[in-house]
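Below is one structure, written out as structure tokens; the observations come after it.
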Amino acid sequence: MSCTTQHVVAAMRSAADSISEHRDELVELDRAIGDGDHGENMERGFLAVRNQLELTAPESPAAALKSVATSLISSVGGASGPLFGTAFLRASTAVGEAESLDGPAVAGALRAALDGVTARGKAEREDKTMVDALAPAAEAAEAASATGGSDPGAVLRAAAEAAETGARTTVSLIAKKGRASYLGDRSAGHLDPGVRSVVLLLNAFADVTGVE
Amino acid sequence: MSCTTQHVVAAMRSAADSISEHRDELVELDRAIGDGDHGENMERGFLAVRNQLELTAPESPAAALKSVATSLISSVGGASGPLFGTAFLRASTAVGEAESLDGPAVAGALRAALDGVTARGKAEREDKTMVDALAPAAEAAEAASATGGSDPGAVLRAAAEAAETGARTTVSLIAKKGRASYLGDRSAGHLDPGVRSVVLLLNAFADVTGVE
Amino acid sequence: VKKIINAPADIVVDALRGMAAAHPEELRVQTDPAFVARSDAPVTDKVAVVSGGGSGHEPLHVGFVGPGMLDAAVPGPVFTSPTPDAVQAAVGKADSGAGTLLVVKNYTGDVLNFETAAELVEASGVGTRTVVVQDDVAVQDSTNTAGRRGVGGTVLLEKIVGAAAERGDDLATCHEIAERVSANVRSMGMALTAPTVPHVGEPSFTLADYEMEIGIGIHGEPGRERVELESADRVVRRLLDPVLEDLPFREGDEVLLFTNSMGGTPGTELYLAHGIAERLLADRGVRVTRRLVGPYITSLEMQGMSLTLLKLDDELRNLWDAPVRTPALTW
Amino acid sequence: VKKIINAPADIVVDALRGMAAAHPEELRVQTDPAFVARSDAPVTDKVAVVSGGGSGHEPLHVGFVGPGMLDAAVPGPVFTSPTPDAVQAAVGKADSGAGTLLVVKNYTGDVLNFETAAELVEASGVGTRTVVVQDDVAVQDSTNTAGRRGVGGTVLLEKIVGAAAERGDDLATCHEIAERVSANVRSMGMALTAPTVPHVGEPSFTLADYEMEIGIGIHGEPGRERVELESADRVVRRLLDPVLEDLPFREGDEVLLFTNSMGGTPGTELYLAHGIAERLLADRGVRVTRRLVGPYITSLEMQGMSLTLLKLDDELRNLWDAPVRTPALTW
Ligand SMILES: Nc1ncnc2c1ncn2[C@@H]1O[C@H](COP(=O)(O)OP(=O)(O)O)[C@@H](O)[C@H]1O
Ligand SMILES: Nc1ncnc2c1ncn2[C@@H]1O[C@H](COP(=O)(O)OP(=O)(O)O)[C@@H](O)[C@H]1O
Ligand SMILES: [Mg+2]
Ligand SMILES: [Mg+2]
Ligand SMILES: [Mg+2]
Ligand SMILES: [Mg+2]
């Protein structure tokens, strides 16, 4: 399988659909331990992503990822906007000039995305943030591509599954970053909204890249 | 039976007790078609009445009634303060120098009270105000004292009963005066709070004057 | 009851103490009987403008005491007109010998208590005039009701006549100006939720999630009708159209538009509604030259709004623009 | 949902239109990207003071735009930090060449978006400094959280540094003054009811009739603890004591006391609470020389209050006293 510019664009459209479908769920998660806007923010952001990708058909995976980044940065706002924006921006840089992304390239993009998020947001694992899905995802992607997997679809699938597992572990955590951290131990027992978004995105990417 | 200064003072104490007992009922009646303060206003007022009567032991029925009037005027506020205040003030003037009130004197006092209320408030019968209890009361008092009833207790009893009957007729009325009139036909189906106060007062007076 | 209070019976005195502490140089606060006066009252040779009414509508009236507006304000218990002795005390502090204009909102209690107060005050040698504010168009039939309520127009009247007094107009002139404002101002309000009176402990009426009350007053009584929630566009029209038709305000008229929060409605919604009203007025060729937006005459925590239109002329506009320095309005 | 709005997605733009209509001479309002600037911006040779954040806290920040306070304010969607491009546009309108001070409330989103905006703006040749407001003492552990929230202190800081900029202080000095305010201001808030975010449609959290939330922020998130309703005397102590202990404020200190309504709490309750706070401070020998009482940094229709104390020195007091002319604060 390959992951060309078209696949990246299709993955983003699929992500936008998934985010919209789950908008209310994301709002509700954020209402419990935040301020209730995460679903609204992400839906607005991915609507902008979809529109911009149609308007200016990107000519490479890097261009597509950069388009996603700038759309998110200028439309999401809140904490998730800059963080997801940086994630896609770093991913864009990491994939360089490649016209098609293989397994290692995808793993490299996820690692770069994670590095961007932790560089800006300073969160560590178990702080109960999107890092708790993104870090396992990056690691699983690297492991999958190392063990001879140059199939981007398989790497993304491994990443998505690791993200799901990571997300579930956050439920019992006490938040140490982000708005939920103001709640102290009252944040325990709830799924972090940003973590859920990462899972939705990775699943959408994996679904699209998994088919030819 | 007689109605001396002591009886008047006792009647006012009894009225104060009754108003306090029925404070919540008066508040609730006023909440439905007004602003919810009538019970609070009357309780505050009759507390002041009681205190003032103890402080300055009046020397005549007129003095006692005047004390009640000034206490109410300076502590009740709202619409009911000036109106009940004027009622007692006019009653005070009407009973003159008498040291003991007979039936006709009581009837005269009620008539004067009514005249004061209608002069200031300009309400007529069936406007759904205290007048709808006070007017029948005055008429019944006059009828009772005319037919050879110089017994103040009997006259007050007749007045109280007529007030009760008059009060019941207000339930279906649409208010044309007072705060309830802003509601238009939505005021129908509710008992007017001021009318209820008149009934409580007259009943208290009748109870006290009915015993020796 | 969900309020930041101690004993309900002490609310007014407790709040007055807070006002006194917050404005120690500007206000003279008395608690028994209760009134708030400008610290420099009586102001020599100036007509005193005095108002009052039940508490619960803050900043009306106590928040409007100061140069350019009220010389004194008399707060009764929550939603209850103050008694004549309190008004008399306030006038005693405020009157300089030039006479006192009493601004009275048209409610039976306010009218009767201020009437008696005026008699007492006149008997003691102070000249008075009274203006009764009755700008609420929600009460349509004046003959078979207690008459139109005094609502948002009260704020505008107090500012304008306060400026007239401040510039030295005599009592008759101040009264004339007050009557002119009263004759040219109209209002209408609506509510999303009812207030809760502290000593009552429950809401004054109950609206479902999908309902709103049109034609409310400021004392928590129900309005003229209960209807389903509508968009802001429609809500504003429900308030503006009756106001426009009543005076009537005509194309080419110059107006002050006052968009008021009933207490619990946030600034975003208020400005949003104000914008709609401005657009509708522009559509009708009614020229808005002055505005006031905010919570100025409230009903405890009621969520809702009211619109007030005052037809302006040059003099009224200038009086509106004149300096004012009070807790709630300063420019 | 019980609000006076049209479509939830249009709230900010609709409210901005209303602000533009209400203050046509004083403000320049842009809707895409959204920001509000003083109509005379950029002001020659003056440092520009620019802030912003999610909507829903009005009048913060858009209501504080004008001479003596903010040159521009950037409103994001309700409770959502604005994006860097909007901040950049606002700075573009406000900066005169003398540099721009960005006032940022300490929330992850606000910090990150303004950080990016500062980079963009610097890259285009505008000198910037950033001050982060983090006055909320409810968040006790800075290490294991996103840090202390920027709440009531933001209002005081914007006024004071706005005055410094207005009198001609350069960027470094303005920044210094801002940091001094930030270092000397502390706040704490509580809520009786939660707000309802328009696009969510239900309250952000639910309190029973007998419960209150202590240590809330301004975005409708739950606080540190939920306790039974108490008297105002006790509520004020729950807010004041942690604030006093934190700086700490000591006997003999001079302070500005800011008693803030979270949006839905009426004036009577606010002044009542303010009076209690003044009395408690007097008991402790802390001298209150300046006050601010009202709804200045809100959370939609939330019923509740916050207390803010700023330790004053002569310079800060003078800057507080300096003239200001904005929709929400004028003197
Ligand atoms: N410092 C951080 N590092 C990584 N992720 C973070 C950080 N702070 C917040 N987040 C993520 O952002 C999400 C909240 O996003 P959102 O609700 O859109 O923004 P806001 O908190 O400003 O309202 C959280 O669920 C969390 O996953
Ligand atoms: N014009 C009037 N004439 C006679 N009684 C009146 C008039 N207006 C009001 N009332 C009486 O006053 C009562 C309300 O009193 P209260 O609630 O204490 O005052 P307010 O209406 O000012 O809140 C009504 O129930 C009615 O009986
Ligand atoms: Mg959020
Ligand atoms: Mg009443
Ligand atoms: Mg009343
Ligand atoms: Mg947010």
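Simple scheme: letters A, B, ... for chains in structure tokens order, numbers from 1 for residues in each chain, numbers from 1 for ligands in the order shown.
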Which chain D residues are at most 6 Å from chain A (counting only C-alpha atoms), as a PyMOL selection string?
chain D and resi 80-83+108-109+144-146+204+219-221+224
Exercise for the section: Please run DSSP on the backbone and report, as number ranges by chain, all residues within stretch 41-81 of chain D that come out as strand (DSSP E or B). Expected result: D: 48-55, 65, 70, 72-78
**Sel. of helix (DSSP H, G or I) residues, stretch 66-161 of chain A, as an MDAnalysis selection string** = chainID A and resid 66:73 80:95 103:121 131:146 152:161
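For A:Ile19, the residues within 10 Å (counting only C-alpha atoms, excluding itself and residues fewer than 4 positions away along the chain) are Arg13, Ser14, Ala15, Arg23, Asp24, Glu25, Leu26, Gly39, Glu40, Met42, Glu43, Arg44, Gly45, Phe46, Leu47, Arg196, Ser197, Leu200, Leu201 and Ala204 of chain A.
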Write the residues you've just listed into a file as a compact mmCIF listing (two decimals), in the first residue's frame, and include all heavy atoms for each of them.
# COMPACT_ATOMS: atom_id res chain seq x y z
N ARG A 13 -10.07 14.28 5.05
CA ARG A 13 -11.52 14.38 4.87
C ARG A 13 -12.22 13.39 5.78
O ARG A 13 -13.23 13.71 6.42
CB ARG A 13 -11.88 14.10 3.40
CG ARG A 13 -12.02 15.37 2.59
CD ARG A 13 -12.74 15.11 1.29
NE ARG A 13 -11.84 15.34 0.16
CZ ARG A 13 -11.43 14.39 -0.66
NH1 ARG A 13 -11.83 13.14 -0.53
NH2 ARG A 13 -10.62 14.70 -1.65
N SER A 14 -11.65 12.21 5.83
CA SER A 14 -12.22 11.19 6.71
C SER A 14 -12.14 11.63 8.17
O SER A 14 -13.06 11.42 8.97
CB SER A 14 -11.47 9.87 6.49
OG SER A 14 -11.86 8.95 7.47
N ALA A 15 -11.04 12.26 8.51
CA ALA A 15 -10.87 12.77 9.87
C ALA A 15 -11.93 13.83 10.16
O ALA A 15 -12.54 13.85 11.23
CB ALA A 15 -9.47 13.35 10.05
N ARG A 23 -18.65 15.21 17.40
CA ARG A 23 -18.60 16.56 17.98
C ARG A 23 -19.25 16.61 19.36
O ARG A 23 -18.65 17.09 20.33
CB ARG A 23 -19.30 17.56 17.05
CG ARG A 23 -19.43 18.96 17.67
CD ARG A 23 -20.76 19.63 17.27
NE ARG A 23 -20.88 20.96 17.85
CZ ARG A 23 -21.51 21.22 19.00
NH1 ARG A 23 -22.06 20.23 19.71
NH2 ARG A 23 -21.59 22.45 19.46
N ASP A 24 -20.46 16.09 19.48
CA ASP A 24 -21.17 16.18 20.76
C ASP A 24 -20.43 15.40 21.85
O ASP A 24 -20.41 15.81 23.01
CB ASP A 24 -22.59 15.64 20.61
CG ASP A 24 -23.46 16.59 19.79
OD1 ASP A 24 -22.99 17.70 19.43
OD2 ASP A 24 -24.62 16.23 19.50
N GLU A 25 -19.86 14.26 21.46
CA GLU A 25 -19.12 13.48 22.45
C GLU A 25 -17.92 14.27 22.96
O GLU A 25 -17.66 14.32 24.17
CB GLU A 25 -18.63 12.17 21.81
CG GLU A 25 -17.87 11.28 22.78
CD GLU A 25 -17.03 10.21 22.10
OE1 GLU A 25 -17.27 9.92 20.90
OE2 GLU A 25 -16.13 9.68 22.77
N LEU A 26 -17.23 14.93 22.06
CA LEU A 26 -16.05 15.71 22.47
C LEU A 26 -16.46 16.90 23.33
O LEU A 26 -15.77 17.26 24.28
CB LEU A 26 -15.28 16.19 21.23
CG LEU A 26 -14.63 15.09 20.40
CD1 LEU A 26 -14.04 15.66 19.11
CD2 LEU A 26 -13.56 14.36 21.21
N GLY A 39 -15.15 19.95 21.23
CA GLY A 39 -15.81 19.40 20.04
C GLY A 39 -16.12 20.49 19.04
O GLY A 39 -15.96 20.32 17.83
N GLU A 40 -16.57 21.61 19.52
CA GLU A 40 -16.87 22.75 18.68
C GLU A 40 -15.59 23.25 18.00
O GLU A 40 -15.58 23.53 16.80
CB GLU A 40 -17.46 23.86 19.57
CG GLU A 40 -17.89 25.11 18.85
CD GLU A 40 -19.25 25.01 18.17
OE1 GLU A 40 -19.88 23.94 18.20
OE2 GLU A 40 -19.68 26.03 17.61
N MET A 42 -12.76 21.58 17.41
CA MET A 42 -12.22 20.64 16.44
C MET A 42 -13.08 20.57 15.19
O MET A 42 -12.56 20.49 14.06
CB MET A 42 -12.09 19.24 17.06
CG MET A 42 -11.06 19.14 18.17
SD MET A 42 -9.37 19.47 17.62
CE MET A 42 -8.92 17.83 17.01
N GLU A 43 -14.39 20.65 15.36
CA GLU A 43 -15.25 20.61 14.19
C GLU A 43 -15.02 21.83 13.31
O GLU A 43 -14.90 21.73 12.09
CB GLU A 43 -16.73 20.53 14.60
CG GLU A 43 -17.64 20.40 13.37
CD GLU A 43 -19.10 20.26 13.74
OE1 GLU A 43 -19.61 21.05 14.57
OE2 GLU A 43 -19.76 19.37 13.16
N ARG A 44 -14.94 22.98 13.96
CA ARG A 44 -14.66 24.20 13.21
C ARG A 44 -13.33 24.08 12.48
O ARG A 44 -13.19 24.45 11.31
CB ARG A 44 -14.64 25.40 14.16
CG ARG A 44 -14.30 26.72 13.49
CD ARG A 44 -14.39 27.89 14.45
NE ARG A 44 -13.55 27.75 15.62
CZ ARG A 44 -14.01 27.53 16.86
NH1 ARG A 44 -15.31 27.46 17.09
NH2 ARG A 44 -13.17 27.41 17.87
N GLY A 45 -12.35 23.53 13.19
CA GLY A 45 -11.01 23.40 12.61
C GLY A 45 -10.98 22.48 11.41
O GLY A 45 -10.39 22.80 10.38
N PHE A 46 -11.63 21.33 11.54
CA PHE A 46 -11.54 20.38 10.43
C PHE A 46 -12.45 20.74 9.27
O PHE A 46 -12.23 20.32 8.14
CB PHE A 46 -11.75 18.95 10.94
CG PHE A 46 -10.46 18.35 11.41
CD1 PHE A 46 -10.02 18.52 12.72
CD2 PHE A 46 -9.63 17.68 10.52
CE1 PHE A 46 -8.80 18.02 13.14
CE2 PHE A 46 -8.40 17.18 10.92
CZ PHE A 46 -7.98 17.35 12.24
N LEU A 47 -13.43 21.56 9.53
CA LEU A 47 -14.21 22.14 8.43
C LEU A 47 -13.29 23.06 7.62
O LEU A 47 -13.26 23.01 6.38
CB LEU A 47 -15.39 22.93 8.99
CG LEU A 47 -16.35 23.52 7.97
CD1 LEU A 47 -17.04 22.39 7.18
CD2 LEU A 47 -17.41 24.37 8.65
N ARG A 196 -9.18 11.73 23.13
CA ARG A 196 -10.20 11.12 22.30
C ARG A 196 -10.06 11.61 20.86
O ARG A 196 -10.23 10.85 19.92
CB ARG A 196 -11.58 11.48 22.87
CG ARG A 196 -12.75 10.91 22.10
CD ARG A 196 -12.83 9.39 22.21
NE ARG A 196 -14.01 8.90 21.50
CZ ARG A 196 -13.99 7.88 20.65
NH1 ARG A 196 -12.88 7.23 20.37
NH2 ARG A 196 -15.12 7.50 20.06
N SER A 197 -9.74 12.88 20.70
CA SER A 197 -9.56 13.43 19.35
C SER A 197 -8.41 12.74 18.64
O SER A 197 -8.51 12.40 17.45
CB SER A 197 -9.29 14.93 19.42
OG SER A 197 -10.48 15.65 19.65
N LEU A 200 -9.58 9.42 17.41
CA LEU A 200 -10.47 9.57 16.24
C LEU A 200 -9.66 9.88 14.99
O LEU A 200 -9.92 9.32 13.92
CB LEU A 200 -11.49 10.69 16.51
CG LEU A 200 -12.54 10.39 17.58
CD1 LEU A 200 -13.34 11.67 17.90
CD2 LEU A 200 -13.49 9.28 17.15
N LEU A 201 -8.69 10.76 15.11
CA LEU A 201 -7.89 11.13 13.95
C LEU A 201 -7.10 9.94 13.43
O LEU A 201 -7.13 9.62 12.25
CB LEU A 201 -6.95 12.29 14.29
CG LEU A 201 -7.60 13.63 14.64
CD1 LEU A 201 -6.55 14.66 15.02
CD2 LEU A 201 -8.46 14.13 13.49
N ALA A 204 -9.18 7.38 11.73
CA ALA A 204 -9.60 7.83 10.39
C ALA A 204 -8.45 7.69 9.40
O ALA A 204 -8.64 7.23 8.27
CB ALA A 204 -10.07 9.28 10.46
- Query: Neighbours of B:Ala10 within 10 Å (only C-alpha atoms; same-chain residues fewer than 2 positions away dropped), as number ranges by chain?
  - Reply: B: 4-8, 12-16, 50, 53, 204-205, 208-209
- Item | Contacts of stretch 247-252 of chain C within 8 Å, only C-alpha atoms, excl. fewer than 5 positions in-chain, as a list in words | Asn184, Val185, Arg186, Arg284, Gly285, Val286, Arg287 and Lys311 of chain C
Store the residues picked out above in a file with C-alpha atoms, as an mmCIF file, in the first residue's frame.
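Done, and the output landed in part30.cif:
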data_model
loop_
_atom_site.group_PDB
_atom_site.id
_atom_site.type_symbol
_atom_site.label_atom_id
_atom_site.label_comp_id
_atom_site.auth_asym_id
_atom_site.auth_seq_id
_atom_site.Cartn_x
_atom_site.Cartn_y
_atom_site.Cartn_z
ATOM 1 C CA ASN C 184 -41.406 60.972 25.180
ATOM 2 C CA VAL C 185 -40.041 57.717 26.570
ATOM 3 C CA ARG C 186 -41.373 54.202 26.067
ATOM 4 C CA ARG C 284 -37.299 52.488 9.851
ATOM 5 C CA GLY C 285 -35.375 55.707 9.477
ATOM 6 C CA VAL C 286 -35.306 56.361 13.213
ATOM 7 C CA ARG C 287 -31.969 57.968 14.012
ATOM 8 C CA LYS C 311 -37.243 60.839 21.625
#
Separating atom CA of D:Leu240 from atom CA of D:His274, to the nearest tenth of an Å, is a gap of 10.7 Å
Define the interface residues of chain C facing chain D as those within 6 Å, counting only C-alpha atoms, and report them as a PDB file with N, CA, C and O atoms, in the first residue's frame.
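And here's iface-v7.pdb as it stands now:
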ATOM      1  N   ILE C   4     -25.887  35.357  47.867  1.00  0.00           N
ATOM      2  CA  ILE C   4     -24.749  35.697  48.724  1.00  0.00           C
ATOM      3  C   ILE C   4     -25.275  36.733  49.702  1.00  0.00           C
ATOM      4  O   ILE C   4     -25.196  37.941  49.468  1.00  0.00           O
ATOM      5  N   ILE C   5     -25.885  36.258  50.776  1.00  0.00           N
ATOM      6  CA  ILE C   5     -26.499  37.135  51.779  1.00  0.00           C
ATOM      7  C   ILE C   5     -26.313  36.530  53.161  1.00  0.00           C
ATOM      8  O   ILE C   5     -25.917  35.371  53.285  1.00  0.00           O
ATOM      9  N   ASN C   6     -26.571  37.317  54.163  1.00  0.00           N
ATOM     10  CA  ASN C   6     -26.709  36.777  55.506  1.00  0.00           C
ATOM     11  C   ASN C   6     -28.200  36.573  55.755  1.00  0.00           C
ATOM     12  O   ASN C   6     -28.836  35.807  55.048  1.00  0.00           O
ATOM     13  N   ASP C  14     -27.294  45.621  54.955  1.00  0.00           N
ATOM     14  CA  ASP C  14     -25.982  45.037  54.649  1.00  0.00           C
ATOM     15  C   ASP C  14     -25.427  45.571  53.330  1.00  0.00           C
ATOM     16  O   ASP C  14     -24.231  45.877  53.216  1.00  0.00           O
ATOM     17  N   ALA C  15     -26.270  45.671  52.322  1.00  0.00           N
ATOM     18  CA  ALA C  15     -25.807  46.174  51.024  1.00  0.00           C
ATOM     19  C   ALA C  15     -25.438  47.653  51.128  1.00  0.00           C
ATOM     20  O   ALA C  15     -24.450  48.104  50.532  1.00  0.00           O
ATOM     21  N   ARG C  17     -24.255  49.128  53.704  1.00  0.00           N
ATOM     22  CA  ARG C  17     -22.942  49.209  54.363  1.00  0.00           C
ATOM     23  C   ARG C  17     -21.835  48.988  53.340  1.00  0.00           C
ATOM     24  O   ARG C  17     -20.793  49.645  53.374  1.00  0.00           O
ATOM     25  N   GLY C  18     -22.076  48.063  52.426  1.00  0.00           N
ATOM     26  CA  GLY C  18     -21.087  47.819  51.376  1.00  0.00           C
ATOM     27  C   GLY C  18     -20.928  49.015  50.458  1.00  0.00           C
ATOM     28  O   GLY C  18     -19.819  49.364  50.059  1.00  0.00           O
ATOM     29  N   MET C  19     -22.031  49.655  50.139  1.00  0.00           N
ATOM     30  CA  MET C  19     -21.970  50.864  49.303  1.00  0.00           C
ATOM     31  C   MET C  19     -21.198  51.961  50.016  1.00  0.00           C
ATOM     32  O   MET C  19     -20.386  52.666  49.412  1.00  0.00           O
ATOM     33  N   ALA C  22     -17.614  51.194  49.837  1.00  0.00           N
ATOM     34  CA  ALA C  22     -17.045  51.274  48.490  1.00  0.00           C
ATOM     35  C   ALA C  22     -16.918  52.704  47.982  1.00  0.00           C
ATOM     36  O   ALA C  22     -16.094  52.986  47.119  1.00  0.00           O
ATOM     37  N   GLU C  58     -31.032  47.400  41.632  1.00  0.00           N
ATOM     38  CA  GLU C  58     -29.749  48.088  41.536  1.00  0.00           C
ATOM     39  C   GLU C  58     -29.105  47.901  40.162  1.00  0.00           C
ATOM     40  O   GLU C  58     -29.230  46.843  39.557  1.00  0.00           O
ATOM     41  N   SER C 231     -35.789  33.358  18.482  1.00  0.00           N
ATOM     42  CA  SER C 231     -34.467  33.906  18.184  1.00  0.00           C
ATOM     43  C   SER C 231     -34.392  35.348  18.685  1.00  0.00           C
ATOM     44  O   SER C 231     -35.420  36.005  18.886  1.00  0.00           O
ATOM     45  N   ALA C 232     -33.179  35.824  18.828  1.00  0.00           N
ATOM     46  CA  ALA C 232     -32.989  37.204  19.274  1.00  0.00           C
ATOM     47  C   ALA C 232     -33.640  38.176  18.288  1.00  0.00           C
ATOM     48  O   ALA C 232     -34.235  39.182  18.688  1.00  0.00           O
ATOM     49  N   GLY C 264     -29.460  39.249  35.072  1.00  0.00           N
ATOM     50  CA  GLY C 264     -28.750  37.995  34.880  1.00  0.00           C
ATOM     51  C   GLY C 264     -28.310  37.721  33.457  1.00  0.00           C
ATOM     52  O   GLY C 264     -27.648  36.726  33.192  1.00  0.00           O
ATOM     53  N   PRO C 266     -26.060  38.098  30.261  1.00  0.00           N
ATOM     54  CA  PRO C 266     -24.677  38.522  30.066  1.00  0.00           C
ATOM     55  C   PRO C 266     -24.500  39.572  28.967  1.00  0.00           C
ATOM     56  O   PRO C 266     -25.359  39.727  28.101  1.00  0.00           O
ATOM     57  N   GLY C 267     -23.348  40.230  29.024  1.00  0.00           N
ATOM     58  CA  GLY C 267     -23.038  41.313  28.100  1.00  0.00           C
ATOM     59  C   GLY C 267     -23.096  40.925  26.633  1.00  0.00           C
ATOM     60  O   GLY C 267     -23.532  41.711  25.786  1.00  0.00           O
ATOM     61  N   THR C 268     -22.640  39.713  26.310  1.00  0.00           N
ATOM     62  CA  THR C 268     -22.663  39.277  24.911  1.00  0.00           C
ATOM     63  C   THR C 268     -24.082  39.349  24.366  1.00  0.00           C
ATOM     64  O   THR C 268     -24.335  39.910  23.305  1.00  0.00           O
ATOM     65  N   GLU C 269     -25.029  38.762  25.078  1.00  0.00           N
ATOM     66  CA  GLU C 269     -26.417  38.738  24.611  1.00  0.00           C
ATOM     67  C   GLU C 269     -26.991  40.146  24.524  1.00  0.00           C
ATOM     68  O   GLU C 269     -27.735  40.480  23.603  1.00  0.00           O
ATOM     69  N   TYR C 271     -25.415  43.056  23.986  1.00  0.00           N
ATOM     70  CA  TYR C 271     -24.904  43.781  22.820  1.00  0.00           C
ATOM     71  C   TYR C 271     -25.470  43.187  21.531  1.00  0.00           C
ATOM     72  O   TYR C 271     -25.766  43.892  20.576  1.00  0.00           O
ATOM     73  N   LEU C 272     -25.635  41.888  21.524  1.00  0.00           N
ATOM     74  CA  LEU C 272     -26.216  41.217  20.361  1.00  0.00           C
ATOM     75  C   LEU C 272     -27.609  41.778  20.109  1.00  0.00           C
ATOM     76  O   LEU C 272     -27.950  42.176  18.995  1.00  0.00           O
ATOM     77  N   HIS C 274     -28.847  44.555  21.227  1.00  0.00           N
ATOM     78  CA  HIS C 274     -28.737  45.981  20.911  1.00  0.00           C
ATOM     79  C   HIS C 274     -28.462  46.193  19.434  1.00  0.00           C
ATOM     80  O   HIS C 274     -29.039  47.084  18.800  1.00  0.00           O
ATOM     81  N   GLY C 275     -27.576  45.366  18.897  1.00  0.00           N
ATOM     82  CA  GLY C 275     -27.237  45.474  17.474  1.00  0.00           C
ATOM     83  C   GLY C 275     -28.464  45.260  16.598  1.00  0.00           C
ATOM     84  O   GLY C 275     -28.658  45.946  15.586  1.00  0.00           O
ATOM     85  N   ARG C 291     -26.767  56.108  23.043  1.00  0.00           N
ATOM     86  CA  ARG C 291     -27.028  54.740  23.478  1.00  0.00           C
ATOM     87  C   ARG C 291     -26.651  54.538  24.932  1.00  0.00           C
ATOM     88  O   ARG C 291     -25.771  55.195  25.454  1.00  0.00           O
ATOM     89  N   LEU C 300     -33.314  41.729  40.496  1.00  0.00           N
ATOM     90  CA  LEU C 300     -32.474  40.715  41.135  1.00  0.00           C
ATOM     91  C   LEU C 300     -31.717  39.938  40.043  1.00  0.00           C
ATOM     92  O   LEU C 300     -31.077  40.555  39.205  1.00  0.00           O
ATOM     93  N   GLU C 301     -31.813  38.640  40.010  1.00  0.00           N
ATOM     94  CA  GLU C 301     -31.021  37.868  39.048  1.00  0.00           C
ATOM     95  C   GLU C 301     -31.799  37.476  37.787  1.00  0.00           C
ATOM     96  O   GLU C 301     -31.358  36.611  37.035  1.00  0.00           O
TER      97      GLU C 301
END
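Every protein or nucleic acid residue with an atom no more than 9 Å from B:Asn203, counting only C-alpha atoms and leaving out same-chain residues fewer than 5 positions away, appears here: Ala15, Leu156, Arg157, Ala159, Ala160, Glu161, Glu164, Val198 and Val208 of chain B.
For the choices B:Thr70, B:Pro193, B:Met1, B:Val155, the atom-to-atom distance to ligand 5 is smallest for B:Pro193 when using only C-alpha atoms and all ligand atoms.
Atom CA of D:Asp40 lies 8.4 Å from atom CA of D:Arg28.
One finds atom CA of C:Leu101 at 19.9 Å from atom CA of C:Pro33.
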Contacts of D:Val243 at 10 Å (only C-alpha atoms; same-chain gap of 4+ positions) as a PyMOL selection string:
chain D and resi 135-138+185-188+237-239+247-249+307-309
Nearest to ligand 3, restricted to only C-alpha atoms and all ligand atoms and choosing among D:Val29, D:Val181, D:Val200, D:Val139, comes out as D:Val200
